[in-house]
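A.B. asks: I am sharing final_26.pdb, which consists of PDB, C-alpha atoms:
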ATOM      1  CA  MET A   1     127.253 122.332  78.821  1.00  0.00           C
ATOM      2  CA  PRO A   2     128.586 121.122  82.209  1.00  0.00           C
ATOM      3  CA  GLY A   3     127.897 123.008  85.420  1.00  0.00           C
ATOM      4  CA  PRO A   4     124.901 124.791  86.918  1.00  0.00           C
ATOM      5  CA  CYS A   5     122.507 126.848  84.826  1.00  0.00           C
ATOM      6  CA  ASP A   6     122.499 130.605  85.211  1.00  0.00           C
ATOM      7  CA  LYS A   7     118.801 130.767  86.082  1.00  0.00           C
ATOM      8  CA  SER A   8     116.350 128.440  87.827  1.00  0.00           C
ATOM      9  CA  TYR A   9     112.700 128.152  86.899  1.00  0.00           C
ATOM     10  CA  GLY A  10     111.855 125.661  89.650  1.00  0.00           C
ATOM     11  CA  ILE A  11     110.140 128.213  91.871  1.00  0.00           C
ATOM     12  CA  HIS A  12     108.070 129.501  88.969  1.00  0.00           C
ATOM     13  CA  VAL A  13     107.028 125.932  88.100  1.00  0.00           C
ATOM     14  CA  ALA A  14     106.184 125.238  91.760  1.00  0.00           C
ATOM     15  CA  ARG A  15     103.978 128.362  91.839  1.00  0.00           C
ATOM     16  CA  MET A  16     102.182 127.241  88.657  1.00  0.00           C
ATOM     17  CA  ALA A  17     101.738 123.757  90.168  1.00  0.00           C
ATOM     18  CA  GLY A  18      99.887 125.280  93.121  1.00  0.00           C
ATOM     19  CA  LEU A  19     102.364 124.648  95.945  1.00  0.00           C
ATOM     20  CA  PRO A  20     101.514 126.569  99.139  1.00  0.00           C
ATOM     21  CA  GLN A  21     102.719 130.171  99.244  1.00  0.00           C
ATOM     22  CA  GLU A  22     104.716 129.394 102.408  1.00  0.00           C
ATOM     23  CA  VAL A  23     106.773 126.847 100.451  1.00  0.00           C
ATOM     24  CA  ILE A  24     107.260 129.237  97.524  1.00  0.00           C
ATOM     25  CA  GLY A  25     108.354 132.013  99.883  1.00  0.00           C
ATOM     26  CA  ARG A  26     110.811 129.808 101.754  1.00  0.00           C
ATOM     27  CA  ALA A  27     112.250 128.473  98.493  1.00  0.00           C
ATOM     28  CA  SER A  28     112.733 132.051  97.277  1.00  0.00           C
ATOM     29  CA  GLU A  29     114.575 132.947 100.501  1.00  0.00           C
ATOM     30  CA  ILE A  30     116.859 129.935 100.160  1.00  0.00           C
ATOM     31  CA  LEU A  31     117.536 130.682  96.497  1.00  0.00           C
ATOM     32  CA  SER A  32     118.435 134.283  97.345  1.00  0.00           C
ATOM     33  CA  GLY A  33     120.840 133.061 100.016  1.00  0.00           C
ATOM     34  CA  LEU A  34     122.432 130.595  97.631  1.00  0.00           C
ATOM     35  CA  ILE A  35     122.852 133.261  94.965  1.00  0.00           C
ATOM     36  CA  GLN A  36     124.483 135.631  97.454  1.00  0.00           C
ATOM     37  CA  HIS A  37     126.776 133.050  99.062  1.00  0.00           C
ATOM     38  CA  ARG A  38     127.275 130.721  96.101  1.00  0.00           C
ATOM     39  CA  ALA A  39     126.174 127.126  96.546  1.00  0.00           C
ATOM     40  CA  PRO A  40     128.925 124.573  97.253  1.00  0.00           C
ATOM     41  CA  GLU A  41     130.518 123.182  94.090  1.00  0.00           C
ATOM     42  CA  LYS A  42     130.720 119.609  95.390  1.00  0.00           C
ATOM     43  CA  PRO A  43     127.381 117.820  95.965  1.00  0.00           C
ATOM     44  CA  GLU A  44     128.689 116.071  99.080  1.00  0.00           C
ATOM     45  CA  ALA A  45     129.258 119.469 100.705  1.00  0.00           C
ATOM     46  CA  MET A  46     125.519 120.104 100.530  1.00  0.00           C
ATOM     47  CA  HIS A  47     124.950 117.429 103.170  1.00  0.00           C
ATOM     48  CA  ASP A  48     126.956 119.333 105.780  1.00  0.00           C
ATOM     49  CA  ALA A  49     124.400 120.521 108.358  1.00  0.00           C
ATOM     50  CA  ASP A  50     126.591 123.504 109.265  1.00  0.00           C
ATOM     51  CA  SER A  51     126.840 124.802 105.700  1.00  0.00           C
ATOM     52  CA  MET A  52     123.133 124.921 104.797  1.00  0.00           C
ATOM     53  CA  ASP A  53     119.845 125.284 106.631  1.00  0.00           C
ATOM     54  CA  GLN A  54     117.524 122.317 106.361  1.00  0.00           C
ATOM     55  CA  LEU A  55     114.625 123.065 104.067  1.00  0.00           C
ATOM     56  CA  ASN A  56     111.321 122.656 105.823  1.00  0.00           C
ATOM     57  CA  LEU A  57     108.778 122.157 103.034  1.00  0.00           C
ATOM     58  CA  PHE A  58     105.721 121.879 105.201  1.00  0.00           C
ATOM     59  CA  SER A  59     104.460 124.448 107.610  1.00  0.00           C
ATOM     60  CA  GLU A  60     103.688 123.460 111.176  1.00  0.00           C
ATOM     61  CA  LYS A  61      99.997 123.974 110.432  1.00  0.00           C
ATOM     62  CA  GLU A  62     100.127 121.502 107.565  1.00  0.00           C
ATOM     63  CA  SER A  63     102.045 119.048 109.716  1.00  0.00           C
ATOM     64  CA  ARG A  64      99.352 119.210 112.418  1.00  0.00           C
ATOM     65  CA  PHE A  65      96.685 118.752 109.742  1.00  0.00           C
ATOM     66  CA  ARG A  66      98.420 115.647 108.386  1.00  0.00           C
ATOM     67  CA  LYS A  67      98.695 114.165 111.897  1.00  0.00           C
ATOM     68  CA  THR A  68      95.016 114.833 112.562  1.00  0.00           C
ATOM     69  CA  LEU A  69      94.049 113.138 109.305  1.00  0.00           C
ATOM     70  CA  SER A  70      96.256 110.140 110.002  1.00  0.00           C
ATOM     71  CA  ARG A  71      94.532 109.583 113.361  1.00  0.00           C
ATOM     72  CA  LEU A  72      91.061 109.436 111.839  1.00  0.00           C
ATOM     73  CA  ASP A  73      89.564 105.988 111.429  1.00  0.00           C
ATOM     74  CA  VAL A  74      87.254 106.655 108.521  1.00  0.00           C
ATOM     75  CA  ASN A  75      86.260 102.989 108.383  1.00  0.00           C
ATOM     76  CA  GLN A  76      84.540 103.419 111.743  1.00  0.00           C
ATOM     77  CA  MET A  77      82.668 106.598 110.733  1.00  0.00           C
ATOM     78  CA  THR A  78      79.322 106.882 109.044  1.00  0.00           C
ATOM     79  CA  PRO A  79      79.290 108.935 105.833  1.00  0.00           C
ATOM     80  CA  LEU A  80      77.532 111.751 107.702  1.00  0.00           C
ATOM     81  CA  GLU A  81      80.148 111.709 110.513  1.00  0.00           C
ATOM     82  CA  ALA A  82      82.914 111.806 107.907  1.00  0.00           C
ATOM     83  CA  LEU A  83      81.353 114.799 106.149  1.00  0.00           C
ATOM     84  CA  LYS A  84      80.900 116.633 109.465  1.00  0.00           C
ATOM     85  CA  LYS A  85      84.534 115.944 110.408  1.00  0.00           C
ATOM     86  CA  LEU A  86      85.707 117.152 107.006  1.00  0.00           C
ATOM     87  CA  ASP A  87      83.739 120.366 107.483  1.00  0.00           C
ATOM     88  CA  GLU A  88      85.270 120.822 110.968  1.00  0.00           C
ATOM     89  CA  LEU A  89      88.794 120.346 109.593  1.00  0.00           C
ATOM     90  CA  LYS A  90      88.182 122.780 106.765  1.00  0.00           C
ATOM     91  CA  SER A  91      87.072 125.415 109.263  1.00  0.00           C
ATOM     92  CA  GLU A  92      89.841 124.683 111.754  1.00  0.00           C
ATOM     93  CA  TYR A  93      92.646 124.773 109.174  1.00  0.00           C
ATOM     94  CA  GLY A  94      91.219 127.479 106.934  1.00  0.00           C
ATOM     95  CA  LEU A  95      90.817 125.316 103.876  1.00  0.00           C
TER      96      LEU A  95
END
What is this file in structure tokens?
C.D. replies:
Amino acid sequence: MPGPCDKSYGIHVARMAGLPQEVIGRASEILSGLIQHRAPEKPEAMHDADSMDQLNLFSEKESRFRKTLSRLDVNQMTPLEALKKLDELKSEYGL
């Protein structure tokens, strides 16, 4: 049947897939807003920056973590140095 479905299970699936709770919470907020204000009927209207907030899927903490990881040169580390750094990052980012 054409048109949107009356219920979305995407957030439930995301929760079962283990996405971070911050992402699940933000998605729930956005869904609530869309339900209250009705999403635009035309897909091109969804690209209007004034009509919808941009979805930020990654928290600032995760963004910093990704940047830190990308700066590491694991090819220049000994296995012991790499394990120590991994332990540091786990402590620093609460993993």
A.B. asks: Which one is closest to Arg66 of chain A: A:Pro79, A:Val23, A:Tyr93, A:Asp87? Count only C-alpha atoms.
C.D. replies: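 Under the stated criterion, the closest residue is A:Tyr93.
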A.B. asks: Could you jot down the atom CA of Leu95 of chain A to atom CA of Glu29 of chain A separation for me, Å, one decimal place?
C.D. replies: 25.2 Å
A.B. asks: One number please: atom CA of Asp73 of chain A to atom CA of Gly94 of chain A, in Å, one decimal.
C.D. replies: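 Distance reported for this atom pair: 22.0 Å.
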A.B. asks: Can you measure atom CA of Leu69 of chain A to atom CA of Leu89 of chain A for me? One decimal in Å is fine.
C.D. replies: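 Going from atom CA of Leu69 of chain A over to atom CA of Leu89 of chain A covers 8.9 Å.
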A.B. asks: Can you translate the PyMOL selection byres ((chain A and resi 65) around 12) into the concrete residues it hits in this file, as a CSV table (one decimal) with C-alpha atoms, keeping the file's coordinate frame?
C.D. replies:
chain,number,residue,atom,x,y,z
A,58,PHE,CA,105.7,121.9,105.2
A,59,SER,CA,104.5,124.4,107.6
A,60,GLU,CA,103.7,123.5,111.2
A,61,LYS,CA,100.0,124.0,110.4
A,62,GLU,CA,100.1,121.5,107.6
A,63,SER,CA,102.0,119.0,109.7
A,64,ARG,CA,99.4,119.2,112.4
A,66,ARG,CA,98.4,115.6,108.4
A,67,LYS,CA,98.7,114.2,111.9
A,68,THR,CA,95.0,114.8,112.6
A,69,LEU,CA,94.0,113.1,109.3
A,70,SER,CA,96.3,110.1,110.0
A,71,ARG,CA,94.5,109.6,113.4
A,72,LEU,CA,91.1,109.4,111.8
A,86,LEU,CA,85.7,117.2,107.0
A,88,GLU,CA,85.3,120.8,111.0
A,89,LEU,CA,88.8,120.3,109.6
A,90,LYS,CA,88.2,122.8,106.8
A,91,SER,CA,87.1,125.4,109.3
A,92,GLU,CA,89.8,124.7,111.8
A,93,TYR,CA,92.6,124.8,109.2
A,94,GLY,CA,91.2,127.5,106.9
A,95,LEU,CA,90.8,125.3,103.9
